[in-house]
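Raw entry35.cif, mmCIF, C-alpha atoms and all ligand atoms:
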data_target
#
loop_
_atom_site.label_atom_id
_atom_site.label_comp_id
_atom_site.auth_asym_id
_atom_site.auth_seq_id
_atom_site.Cartn_x
_atom_site.Cartn_y
_atom_site.Cartn_z
CA MET A 1 0.00 0.00 0.00
CA ARG A 2 1.37 3.44 -1.00
CA ALA A 3 0.53 5.25 2.22
CA MET A 4 1.63 8.83 2.36
CA LYS A 5 1.27 11.66 4.79
CA LEU A 6 0.84 15.19 3.52
CA GLN A 7 1.62 18.44 5.27
CA SER A 8 -0.92 21.22 5.64
CA GLY A 9 -0.73 23.38 2.49
CA ALA A 10 -0.25 20.40 0.15
CA ARG A 11 -2.34 20.43 -3.03
CA VAL A 12 -5.06 17.77 -3.05
CA ALA A 13 -7.40 17.11 -5.98
CA VAL A 14 -10.83 15.55 -5.46
CA ALA A 15 -12.53 13.92 -8.46
CA GLY A 16 -16.31 14.02 -7.95
CA ALA A 17 -18.53 16.57 -6.21
CA GLY A 18 -21.20 14.24 -4.85
CA ALA A 19 -21.80 13.70 -1.15
CA LEU A 20 -18.52 11.86 -0.60
CA GLY A 21 -16.27 14.18 -2.63
CA SER A 22 -17.87 17.34 -1.24
CA ALA A 23 -17.74 16.14 2.38
CA ALA A 24 -14.11 15.08 1.95
CA ALA A 25 -13.22 18.41 0.30
CA LEU A 26 -14.75 20.31 3.22
CA ARG A 27 -12.83 18.28 5.77
CA LEU A 28 -9.53 18.59 3.85
CA ALA A 29 -9.89 22.32 3.20
CA ARG A 30 -10.60 22.91 6.89
CA PHE A 31 -7.44 20.98 7.74
CA GLY A 32 -5.41 23.37 5.60
CA PHE A 33 -4.84 21.47 2.35
CA ARG A 34 -5.21 23.42 -0.89
CA VAL A 35 -8.17 21.55 -2.35
CA THR A 36 -9.65 21.60 -5.85
CA VAL A 37 -12.76 19.54 -6.62
CA PHE A 38 -13.15 18.55 -10.26
CA ASP A 39 -16.54 17.45 -11.60
CA PRO A 40 -17.97 18.11 -15.08
CA ALA A 41 -21.58 17.64 -13.90
CA PRO A 42 -23.78 20.43 -12.54
CA LEU A 43 -24.55 20.44 -8.81
CA TRP A 44 -27.24 17.79 -8.03
CA ALA A 45 -26.71 15.94 -11.35
CA ASN A 46 -25.54 12.80 -9.62
CA ALA A 47 -26.83 10.10 -7.26
CA SER A 48 -26.29 12.43 -4.33
CA GLY A 49 -28.73 14.95 -5.77
CA VAL A 50 -31.35 12.27 -6.53
CA ALA A 51 -31.21 10.43 -3.20
CA ALA A 52 -34.08 10.33 -0.72
CA GLY A 53 -31.61 11.45 1.96
CA MET A 54 -32.40 8.80 4.53
CA LEU A 55 -29.85 8.24 7.27
CA ALA A 56 -31.41 4.94 8.10
CA PRO A 57 -29.25 2.16 9.56
CA MET A 58 -32.17 0.08 10.78
CA SER A 59 -34.25 0.34 7.59
CA GLU A 60 -31.20 -0.54 5.51
CA ALA A 61 -30.37 -3.53 7.71
CA LEU A 62 -33.99 -4.69 7.41
CA PHE A 63 -34.58 -4.14 3.72
CA ASP A 64 -31.21 -4.37 1.95
CA PRO A 65 -29.61 -7.77 2.66
CA PRO A 66 -25.91 -6.77 2.20
CA SER A 67 -26.38 -4.08 4.88
CA ARG A 68 -27.63 -6.52 7.53
CA GLU A 69 -24.06 -7.23 8.64
CA HIS A 70 -23.23 -3.55 9.01
CA LEU A 71 -25.93 -2.27 11.36
CA ASN A 72 -23.61 -1.09 14.11
CA LEU A 73 -21.15 0.50 11.71
CA MET A 74 -24.06 2.31 10.03
CA ARG A 75 -25.28 3.50 13.43
CA ARG A 76 -21.84 4.92 14.23
CA ALA A 77 -21.88 6.70 10.84
CA ARG A 78 -25.34 8.14 11.60
CA ASP A 79 -24.18 9.35 15.01
CA LEU A 80 -21.60 11.62 13.36
CA TRP A 81 -24.41 13.52 11.64
CA PRO A 82 -25.82 15.77 14.40
CA ASP A 83 -22.55 17.70 14.90
CA PHE A 84 -21.73 17.62 11.19
CA ALA A 85 -25.22 18.92 10.24
CA LEU A 86 -25.30 21.57 12.93
CA ALA A 87 -22.10 23.18 11.69
CA LEU A 88 -23.54 23.32 8.15
CA ASP A 89 -27.13 24.31 8.93
CA ILE A 90 -28.39 21.05 7.46
CA GLU A 91 -31.72 20.13 8.98
CA LEU A 92 -32.11 16.54 10.20
CA ALA A 93 -35.68 15.19 10.28
CA ARG A 94 -35.92 12.78 13.17
CA SER A 95 -39.51 11.66 12.71
CA GLY A 96 -38.52 8.05 12.08
CA VAL A 97 -39.98 5.36 9.84
CA ARG A 98 -43.32 3.60 10.13
CA VAL A 99 -43.65 0.11 8.65
CA GLU A 100 -47.04 -0.48 7.02
CA GLY A 101 -48.46 -3.30 4.92
CA ARG A 102 -50.03 -6.75 4.96
CA PRO A 103 -50.11 -8.30 8.46
CA ALA A 104 -48.05 -11.31 7.31
CA TRP A 105 -45.39 -9.06 5.85
CA ARG A 106 -45.33 -6.86 8.96
CA ASP A 107 -44.82 -10.00 11.07
CA GLU A 108 -41.92 -10.96 8.85
CA VAL A 109 -40.39 -7.50 9.35
CA LEU A 110 -40.91 -7.77 13.13
CA ALA A 111 -39.07 -11.11 13.09
CA ARG A 112 -36.16 -9.45 11.27
CA ILE A 113 -36.18 -6.61 13.82
CA ARG A 114 -36.09 -9.19 16.62
CA ALA A 115 -33.18 -10.99 14.96
CA LEU A 116 -31.27 -7.69 14.90
CA GLY A 117 -31.82 -7.30 18.65
CA ALA A 118 -33.86 -4.09 18.32
CA PRO A 119 -37.15 -3.14 20.04
CA GLU A 120 -39.92 -5.13 18.38
CA THR A 121 -42.07 -2.35 16.98
CA THR A 122 -43.11 -1.21 13.52
CA TYR A 123 -42.16 2.39 14.36
CA ILE A 124 -38.41 2.81 13.85
CA ALA A 125 -37.44 5.92 15.77
CA GLU A 126 -33.70 5.67 15.15
CA ASP A 127 -33.76 6.41 11.40
CA TRP A 128 -33.43 10.03 10.27
CA ARG A 129 -33.34 11.88 7.00
CA LEU A 130 -32.21 15.08 5.32
CA ASP A 131 -32.97 16.96 2.13
CA ALA A 132 -30.23 15.73 -0.19
CA ARG A 133 -30.16 18.79 -2.44
CA GLN A 134 -30.10 21.24 0.43
CA ALA A 135 -27.33 19.20 2.04
CA LEU A 136 -25.24 19.05 -1.15
CA SER A 137 -25.57 22.82 -1.64
CA ALA A 138 -24.62 23.43 2.00
CA LEU A 139 -21.59 21.14 1.73
CA ARG A 140 -20.34 22.88 -1.39
CA ALA A 141 -20.84 26.36 0.09
CA ALA A 142 -19.02 25.36 3.30
CA ALA A 143 -16.17 23.74 1.36
CA GLN A 144 -15.78 26.89 -0.75
CA GLU A 145 -15.83 29.04 2.35
CA ALA A 146 -13.06 26.86 3.77
CA GLY A 147 -11.01 27.53 0.63
CA ALA A 148 -11.86 24.62 -1.72
CA VAL A 149 -12.21 25.49 -5.39
CA PHE A 150 -14.73 23.69 -7.64
CA GLU A 151 -13.95 23.26 -11.36
CA ALA A 152 -16.35 21.87 -13.97
CA VAL A 153 -14.00 19.46 -15.71
CA ALA A 154 -13.35 15.71 -15.44
CA VAL A 155 -10.16 14.09 -14.20
CA ASP A 156 -8.62 11.80 -16.83
CA ALA A 157 -5.41 10.51 -15.26
CA PHE A 158 -3.14 10.89 -12.26
CA GLU A 159 0.48 10.16 -11.45
CA PRO A 160 1.98 11.57 -8.23
CA GLY A 161 2.53 15.22 -8.95
CA ALA A 162 0.66 15.21 -12.27
CA LEU A 163 -3.09 15.39 -12.75
CA ARG A 164 -4.42 15.31 -16.30
CA LEU A 165 -7.77 16.93 -16.94
CA ALA A 166 -10.26 16.25 -19.74
CA ASP A 167 -9.66 19.74 -21.20
CA GLY A 168 -6.00 18.82 -21.78
CA ARG A 169 -4.53 20.71 -18.84
CA ASN A 170 -1.89 19.12 -16.62
CA GLU A 171 -1.83 20.33 -13.02
CA ARG A 172 0.45 19.64 -10.10
CA PHE A 173 -1.27 17.84 -7.20
CA GLU A 174 0.27 15.61 -4.57
CA ALA A 175 -2.74 13.32 -4.08
CA LEU A 176 -6.03 12.53 -5.75
CA VAL A 177 -9.18 11.61 -3.81
CA LEU A 178 -11.29 9.46 -6.11
CA ALA A 179 -14.98 10.10 -5.32
CA THR A 180 -16.38 9.51 -8.78
CA GLY A 181 -19.43 7.39 -7.87
CA PRO A 182 -20.28 5.21 -10.87
CA GLY A 183 -17.77 7.08 -13.09
CA ALA A 184 -14.14 6.11 -13.68
CA ARG A 185 -14.66 2.36 -13.36
CA ASP A 186 -12.28 1.33 -16.15
CA GLY A 187 -9.32 1.08 -13.77
CA THR A 188 -7.36 3.97 -15.31
CA LEU A 189 -7.49 6.06 -12.15
CA ALA A 190 -7.47 3.16 -9.65
CA PRO A 191 -7.53 -0.60 -10.34
CA GLU A 192 -9.74 -1.25 -7.28
CA THR A 193 -12.72 0.31 -9.13
CA ALA A 194 -12.97 -3.07 -10.93
CA HIS A 195 -14.80 -4.27 -7.80
CA LEU A 196 -17.60 -1.74 -8.24
CA ALA A 197 -20.96 -2.55 -9.82
CA PRO A 198 -23.68 -0.04 -10.75
CA ILE A 199 -27.30 -0.16 -9.56
CA LYS A 200 -29.64 2.20 -11.36
CA GLY A 201 -32.26 3.77 -9.10
CA GLN A 202 -35.45 5.50 -10.15
CA ILE A 203 -37.43 7.52 -7.68
CA LEU A 204 -40.84 9.15 -8.20
CA ARG A 205 -41.61 12.62 -6.93
CA ALA A 206 -45.17 13.70 -6.26
CA PRO A 207 -46.67 16.67 -4.41
CA CYS A 208 -46.22 16.21 -0.67
CA LYS A 209 -49.40 16.59 1.33
CA GLY A 210 -48.74 17.09 5.00
CA GLY A 211 -45.54 18.22 6.63
CA ALA A 212 -41.95 17.17 6.04
CA ASP A 213 -41.91 16.27 9.74
CA LEU A 214 -44.10 13.20 9.20
CA PRO A 215 -42.42 9.77 9.39
CA VAL A 216 -41.24 7.93 6.30
CA ILE A 217 -43.69 5.15 5.44
CA ARG A 218 -41.97 1.89 4.60
CA GLY A 219 -44.08 -0.69 2.76
CA GLU A 220 -43.40 -3.86 0.85
CA GLY A 221 -41.00 -2.87 -1.96
CA VAL A 222 -41.44 0.89 -1.48
CA TYR A 223 -40.87 3.85 0.80
CA LEU A 224 -42.72 7.18 0.89
CA ALA A 225 -40.45 9.92 2.20
CA PRO A 226 -42.02 13.33 2.86
CA GLY A 227 -40.11 16.51 2.14
CA ALA A 228 -40.17 19.33 -0.41
CA SER A 229 -41.87 16.64 -2.54
CA LEU A 230 -42.99 13.15 -1.63
CA ALA A 231 -40.13 10.81 -2.68
CA ILE A 232 -41.37 7.37 -3.63
CA GLY A 233 -38.50 5.00 -4.03
CA ALA A 234 -36.70 3.34 -5.34
CA THR A 235 -35.95 0.82 -8.07
CA MET A 236 -32.84 -1.38 -7.71
CA GLU A 237 -31.73 -2.15 -11.29
CA HIS A 238 -28.54 -4.14 -10.91
CA GLY A 239 -25.89 -3.81 -13.60
CA ARG A 240 -27.47 -0.73 -15.19
CA ASP A 241 -25.75 2.63 -15.28
CA ASP A 242 -27.86 4.60 -17.75
CA LEU A 243 -29.86 7.63 -16.68
CA ALA A 244 -32.88 7.13 -18.96
CA PRO A 245 -36.23 7.36 -17.16
CA ASP A 246 -38.02 4.06 -17.75
CA VAL A 247 -41.71 4.13 -16.83
CA GLU A 248 -41.99 0.36 -17.28
CA ALA A 249 -39.36 -0.28 -14.58
CA THR A 250 -41.29 1.92 -12.13
CA ARG A 251 -44.55 -0.04 -12.46
CA SER A 252 -44.02 -2.23 -9.40
CA LEU A 253 -42.98 0.85 -7.39
CA ARG A 254 -46.22 2.61 -8.38
CA ALA A 255 -48.27 -0.49 -7.55
CA ALA A 256 -46.56 -0.85 -4.15
CA ALA A 257 -47.16 2.85 -3.37
CA ASN A 258 -50.81 2.62 -4.39
CA ALA A 259 -51.27 -0.52 -2.26
CA LEU A 260 -50.31 1.66 0.72
CA ARG A 261 -52.04 4.87 -0.40
CA PRO A 262 -54.78 4.14 -2.98
CA ASP A 263 -55.55 7.86 -3.28
CA LEU A 264 -51.99 8.73 -4.36
CA ASP A 265 -52.16 9.99 -7.96
CA LEU A 266 -48.87 9.02 -9.59
CA GLU A 267 -49.82 9.74 -13.20
CA GLY A 268 -48.04 13.08 -13.17
CA ALA A 269 -45.20 12.02 -10.87
CA GLU A 270 -41.73 13.02 -12.02
CA ILE A 271 -39.08 10.32 -12.39
CA ASP A 272 -35.58 11.09 -11.11
CA VAL A 273 -32.80 8.70 -11.99
CA GLY A 274 -29.47 8.13 -10.27
CA VAL A 275 -26.82 5.44 -10.34
CA ARG A 276 -25.51 4.04 -7.11
CA VAL A 277 -22.37 1.98 -7.13
CA THR A 278 -21.71 -0.96 -4.84
CA THR A 279 -18.92 -3.24 -3.71
CA PRO A 280 -19.55 -6.97 -3.14
CA ASP A 281 -20.15 -6.42 0.62
CA GLY A 282 -22.08 -3.15 0.30
CA LEU A 283 -19.54 -0.95 2.12
CA PRO A 284 -17.56 1.72 0.28
CA LEU A 285 -13.89 1.52 -0.70
CA VAL A 286 -12.04 4.03 1.46
CA GLY A 287 -8.25 4.24 1.59
CA TRP A 288 -5.11 4.12 -0.52
CA SER A 289 -5.19 2.53 -3.93
CA ARG A 290 -2.44 0.34 -5.33
CA LYS A 291 -1.99 3.29 -7.70
CA PRO A 292 0.42 5.70 -5.96
CA GLY A 293 -1.11 8.87 -4.58
CA VAL A 294 -4.73 7.85 -5.20
CA LEU A 295 -7.09 7.63 -2.23
CA LEU A 296 -10.45 6.01 -2.85
CA ALA A 297 -13.78 7.21 -1.42
CA VAL A 298 -16.29 5.41 -3.57
CA GLY A 299 -18.92 2.67 -3.68
CA ALA A 300 -21.39 3.63 -0.93
CA ARG A 301 -24.30 1.67 -2.47
CA ARG A 302 -27.57 3.02 -0.93
CA ASN A 303 -25.83 4.84 1.90
CA GLY A 304 -23.68 7.62 0.50
CA TRP A 305 -25.40 10.26 2.60
CA LEU A 306 -25.34 8.13 5.71
CA PHE A 307 -21.62 7.47 5.30
CA ALA A 308 -20.49 10.93 4.11
CA PRO A 309 -19.18 12.32 7.46
CA LEU A 310 -17.46 9.02 8.34
CA VAL A 311 -15.85 8.72 4.90
CA ALA A 312 -14.71 12.37 5.07
CA ASP A 313 -13.10 11.73 8.47
CA LEU A 314 -11.34 8.65 7.12
CA VAL A 315 -10.06 10.45 4.01
CA ALA A 316 -8.65 13.18 6.23
CA ALA A 317 -7.07 10.65 8.58
CA TYR A 318 -5.38 8.80 5.68
CA LEU A 319 -3.98 12.02 4.23
CA THR A 320 -2.77 13.48 7.50
CA GLY A 321 -1.47 10.21 8.97
CA ASP A 322 -3.91 10.55 11.86
CA ASN A 323 -5.46 7.63 13.75
CA LEU A 324 -7.86 5.86 11.37
CA GLY A 325 -10.17 4.51 14.07
CA SER A 326 -11.89 1.18 14.31
CA ASP A 327 -14.09 1.35 11.18
CA ALA A 328 -11.32 1.86 8.64
CA GLU A 329 -10.52 -1.82 8.11
CA ALA A 330 -14.11 -2.77 7.19
CA MET A 331 -13.96 -0.21 4.38
CA ASN A 332 -10.32 -0.77 3.38
CA ALA A 333 -10.07 0.07 -0.31
CA ARG A 334 -7.93 -3.00 -1.01
CA ARG A 335 -9.96 -5.62 0.84
CA PHE A 336 -11.03 -7.37 -2.38
CA GLU A 337 -7.49 -7.56 -3.79
CA ALA A 338 -5.75 -10.93 -3.68
CA SER A 339 -2.54 -9.33 -2.37
CA LYS A 340 -2.66 -6.16 -0.30
CA SER A 341 1.07 -5.51 -0.18
C1 LIG A 401 -32.81 6.64 -6.11
C2 LIG A 401 -31.73 6.72 -5.07
C3 LIG A 401 -32.08 6.89 -3.74
C4 LIG A 401 -31.09 6.94 -2.75
N1 LIG A 401 -31.44 7.16 -1.46
C5 LIG A 401 -30.46 7.28 -0.51
C6 LIG A 401 -30.80 7.56 0.84
O1 LIG A 401 -31.97 7.72 1.16
N2 LIG A 401 -29.79 7.67 1.75
C7 LIG A 401 -28.47 7.53 1.41
O2 LIG A 401 -27.58 7.61 2.27
N3 LIG A 401 -28.13 7.25 0.13
C8 LIG A 401 -29.09 7.13 -0.82
N4 LIG A 401 -28.76 6.82 -2.11
C9 LIG A 401 -27.37 6.52 -2.41
C10 LIG A 401 -26.55 7.77 -2.52
O3 LIG A 401 -27.19 8.64 -3.39
C11 LIG A 401 -25.16 7.42 -3.00
O4 LIG A 401 -24.58 6.41 -2.22
C12 LIG A 401 -24.29 8.68 -2.92
O5 LIG A 401 -24.94 9.73 -3.58
C13 LIG A 401 -22.94 8.43 -3.50
O6 LIG A 401 -22.24 9.65 -3.46
P1 LIG A 401 -20.90 9.81 -4.23
O7 LIG A 401 -20.36 11.15 -3.89
O8 LIG A 401 -20.05 8.61 -3.98
O9 LIG A 401 -21.28 9.69 -5.79
P2 LIG A 401 -22.17 10.56 -6.77
O10 LIG A 401 -23.24 11.32 -6.08
O11 LIG A 401 -22.57 9.61 -7.86
O12 LIG A 401 -21.16 11.63 -7.35
C14 LIG A 401 -20.07 11.24 -8.14
C15 LIG A 401 -19.64 12.45 -8.95
O13 LIG A 401 -18.42 12.13 -9.62
C16 LIG A 401 -18.42 12.78 -10.85
N5 LIG A 401 -17.43 12.13 -11.72
C17 LIG A 401 -17.50 10.93 -12.33
N6 LIG A 401 -16.37 10.69 -13.03
C18 LIG A 401 -15.55 11.77 -12.83
C19 LIG A 401 -14.24 12.11 -13.28
N7 LIG A 401 -13.50 11.31 -14.06
N8 LIG A 401 -13.71 13.30 -12.88
C20 LIG A 401 -14.42 14.14 -12.06
N9 LIG A 401 -15.67 13.85 -11.62
C21 LIG A 401 -16.22 12.69 -12.00
C22 LIG A 401 -19.85 12.67 -11.34
O14 LIG A 401 -20.14 13.68 -12.30
C23 LIG A 401 -20.63 12.83 -10.03
O15 LIG A 401 -21.07 14.16 -9.84
C24 LIG A 401 -29.72 6.81 -3.12
C25 LIG A 401 -29.38 6.67 -4.46
C26 LIG A 401 -30.36 6.61 -5.43
C27 LIG A 401 -29.96 6.49 -6.88
#

In structure tokens, how does this file's structure come out?
Amino acid sequence: MRAMKLQSGARVAVAGAGALGSAAALRLARFGFRVTVFDPAPLWANASGVAAGMLAPMSEALFDPPSREHLNLMRRARDLWPDFALALDIELARSGVRVEGRPAWRDEVLARIRALGAPETTYIAEDWRLDARQALSALRAAAQEAGAVFEAVAVDAFEPGALRLADGRNERFEALVLATGPGARDGTLAPETAHLAPIKGQILRAPCKGGADLPVIRGEGVYLAPGASLAIGATMEHGRDDLAPDVEATRSLRAAANALRPDLDLEGAEIDVGVRVTTPDGLPLVGWSRKPGVLLAVGARRNGWLFAPLVADLVAAYLTGDNLGSDAEAMNARRFEASKS
């Protein structure tokens, strides 16, 4: 592993301005690195801008099998949010999640809750949420205030000391933080991205009746998350990384939503599309690549918002040589490599 420790004032490039790249940029700029974030896409035009914004360890452990093993790690990630959000004026909705649906299905969910050692109730108080777009805007503004610069251009290649941009420029940077979500998976920037797989997600947005402080409703194959609009999500289309809205693929989502709320008119609902990217165990790759000078922060599956403060702390700890803490190994960027030396 090409570990390195940089001094305050070193130039660090971040590829990707989603939740992970923006949170890392903020943390690094505050430490005193000279940070530039490169991303050709407009703000919000990524999975981070499409997400429902749930910070939901228990729901994820219940409804996304790869996350079942990671409940306590996800809870520790969630617990970093109150301080992180407060400093950025990001509002956390703590109205929880209510499980609704057929009695037999609810019983099945209760059995899963019991197996996870949690209070056996269909109201999950421990899951929170935020408004993803407001949070992404707040992160970018805070990172800029701390000195980070955002440039609308893609990163093409990196060797220690030499960053090549898609517009042909070569710039001097000492390290590259790779936070490219589903982008850059051909191994050019870091070979470990070969372990990432895309999952297309479509989410419907309908007018939200009632306040954003109501609980999320979790049904069989669907959630209804109140907010600026009602977010009805989300499809899990494994292996797909296109952004084309596909009404056909949202049929079962619509049916599941209408089974819970027959009066919900989804004819005019907007479809938002994002691509998540996952590792085989569902946790992100965070840490040094085999490629010198490249630090990965990618592959957060359905939990990029949940993990953003934890990943940002880890990125900072890797770059400053600080104590990595007990969760670093589970996310080690090289854990799927045959040889880690
Ligand atoms: C429908 C849906 C619902 C979701 N709901 C939730 C939820 O409720 N809670 C939660 O925690 N998570 C949720 N997620 C998952 C979450 O959105 C992702 O895990 C998270 O957004 C990943 O953030 P990221 O910064 O890694 O990647 P992204 O947000 O995908 O950002 C990556 C950025 O990298 C840029 N990029 C790519 N290649 C390059 C390059 N070569 N150079 C420079 N920039 C590049 C892209 O333009 C993009 O802006 C949801 C996702 C979807 C799709």

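The smallest atom-to-atom distance between Gly211 in chain A and any of A:Met54, A:Ala93, A:Leu28, A:Ala146, using only C-alpha atoms, is found for A:Ala93.
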
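Summary of the local environment: counting all atoms listed in the file, residues at most 12 Å from Asn258 in chain A, other than itself and those fewer than 3 positions away along its chain, are A:Gly101, A:Gly219, A:Glu220, A:Gly221, A:Val222, A:Tyr223, A:Leu224, A:Ile232, A:Arg251, A:Ser252, A:Leu253, A:Arg254, A:Ala255, A:Arg261, A:Pro262, A:Asp263, A:Leu264, A:Asp265, A:Leu266, A:Glu267.
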
Surrounding residues as a ChimeraX atom specification, ligand LIG 401 (chain A), max 7 Å, all atoms listed in the file: /A:15-21,38-41,45-55,153-156,179-184,200-203,233-235,273-277,297-307

Find the residues of range 198-307 of chain A that sit at most 9 Å from range 67-70 of chain A; for each, write down the nearest two atoms and how far apart they are in Å, to one decimal. Count all atoms listed in the file. Sort by chain, then by number going up, and give it as CSV.
residue,atom,partner,partner_atom,distance
A:Asp281,CA,A:Ser67,CA,7.9
A:Gly282,CA,A:Ser67,CA,6.4
A:Leu283,CA,A:Ser67,CA,8.0

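For range 110-116 of chain A, the residues within 9 Å (counting only C-alpha atoms, excluding itself and residues fewer than 5 positions away along the chain) are Met58, Ala61, Leu62, Arg68, Leu71, Trp105, Thr121 and Thr122 of chain A.
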
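Of the residues under consideration (A:Pro198, A:Gly96, A:Pro57, A:Gly168), A:Pro198 shows the shortest atom-to-atom contact distance to Arg240 in chain A when counting only C-alpha atoms.
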
Long-range neighbours of Asp327 in chain A as a list in words, 10 Å cut-off, all atoms listed in the file, 5 positions minimum in chain: Leu73, Arg76, Ala77, Leu310, Val311, Leu314 and Asn332 of chain A

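Straight-line separation from CA of Ala206 in chain A to CA of Arg133 in chain A: 16.3 Å.
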
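Here CA of Glu100 in chain A stands at a distance of 11.2 Å from CA of Ala256 in chain A.
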
Coordinates-based distance that separates CA of Ile199 in chain A from CA of Glu237 in chain A (Å, one decimal): 5.2 Å

Shell around Ala135 in chain A at 7 Å using all atoms listed in the file, local window under 4 positions removed, as JSON, numbers by chain: {"A": [90, 131, 139]}

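Closest approach to Gly32 in chain A among A:Ala125, A:Ala308, A:Gly210, A:Thr320 is made by A:Thr320 (distances from all atoms listed in the file).
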
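Checking A:Leu214, A:Ala143, A:Ala244, A:Met236 one by one against Arg129 in chain A, counting all atoms listed in the file, you find the shortest gap at A:Leu214.
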
Nearest residue to Pro245 in chain A from the set A:Ala138, A:Val149, A:Ile271, A:Leu26 (distances using only C-alpha atoms): A:Ile271

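Residues with any atom within 10 Å of Ile124 in chain A, counting only C-alpha atoms and excluding same-chain neighbours fewer than 4 positions away, are Ala56, Met58, Ser59, Ser95, Gly96, Val97, Arg98, Val99, Ile113, Ala118, Pro119, Glu120, Trp128, Pro215, Val216 and Arg218 of chain A.
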
Just write the chosen residues, C-alpha atoms, as a CSV table (one decimal), keeping the file's coordinate frame.
chain,number,residue,atom,x,y,z
A,56,ALA,CA,-31.4,4.9,8.1
A,58,MET,CA,-32.2,0.1,10.8
A,59,SER,CA,-34.2,0.3,7.6
A,95,SER,CA,-39.5,11.7,12.7
A,96,GLY,CA,-38.5,8.0,12.1
A,97,VAL,CA,-40.0,5.4,9.8
A,98,ARG,CA,-43.3,3.6,10.1
A,99,VAL,CA,-43.6,0.1,8.6
A,113,ILE,CA,-36.2,-6.6,13.8
A,118,ALA,CA,-33.9,-4.1,18.3
A,119,PRO,CA,-37.2,-3.1,20.0
A,120,GLU,CA,-39.9,-5.1,18.4
A,128,TRP,CA,-33.4,10.0,10.3
A,215,PRO,CA,-42.4,9.8,9.4
A,216,VAL,CA,-41.2,7.9,6.3
A,218,ARG,CA,-42.0,1.9,4.6

Local residues around (-6.5, 22.3, -1.3), at most 10 Å away, using all atoms listed in the file, as JSON, numbers by chain: {"A": [8, 9, 10, 11, 12, 13, 14, 25, 26, 28, 29, 30, 31, 32, 33, 34, 35, 36, 37, 146, 147, 148, 149, 173]}

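Of the listed residues (A:Leu80, A:Ala104, A:Ala152, A:Val247), A:Ala152 comes nearest to Leu43 in chain A; the distances count only C-alpha atoms.
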
Box for range 211-228 of chain A - axis-aligned, 8 Å on each of the six sides, all listed atoms - centre and size in Å to one decimal, as JSON.
{"center_x": -42.8, "center_y": 7.7, "center_z": 3.9, "size_x": 21.4, "size_y": 39.2, "size_z": 27.7}
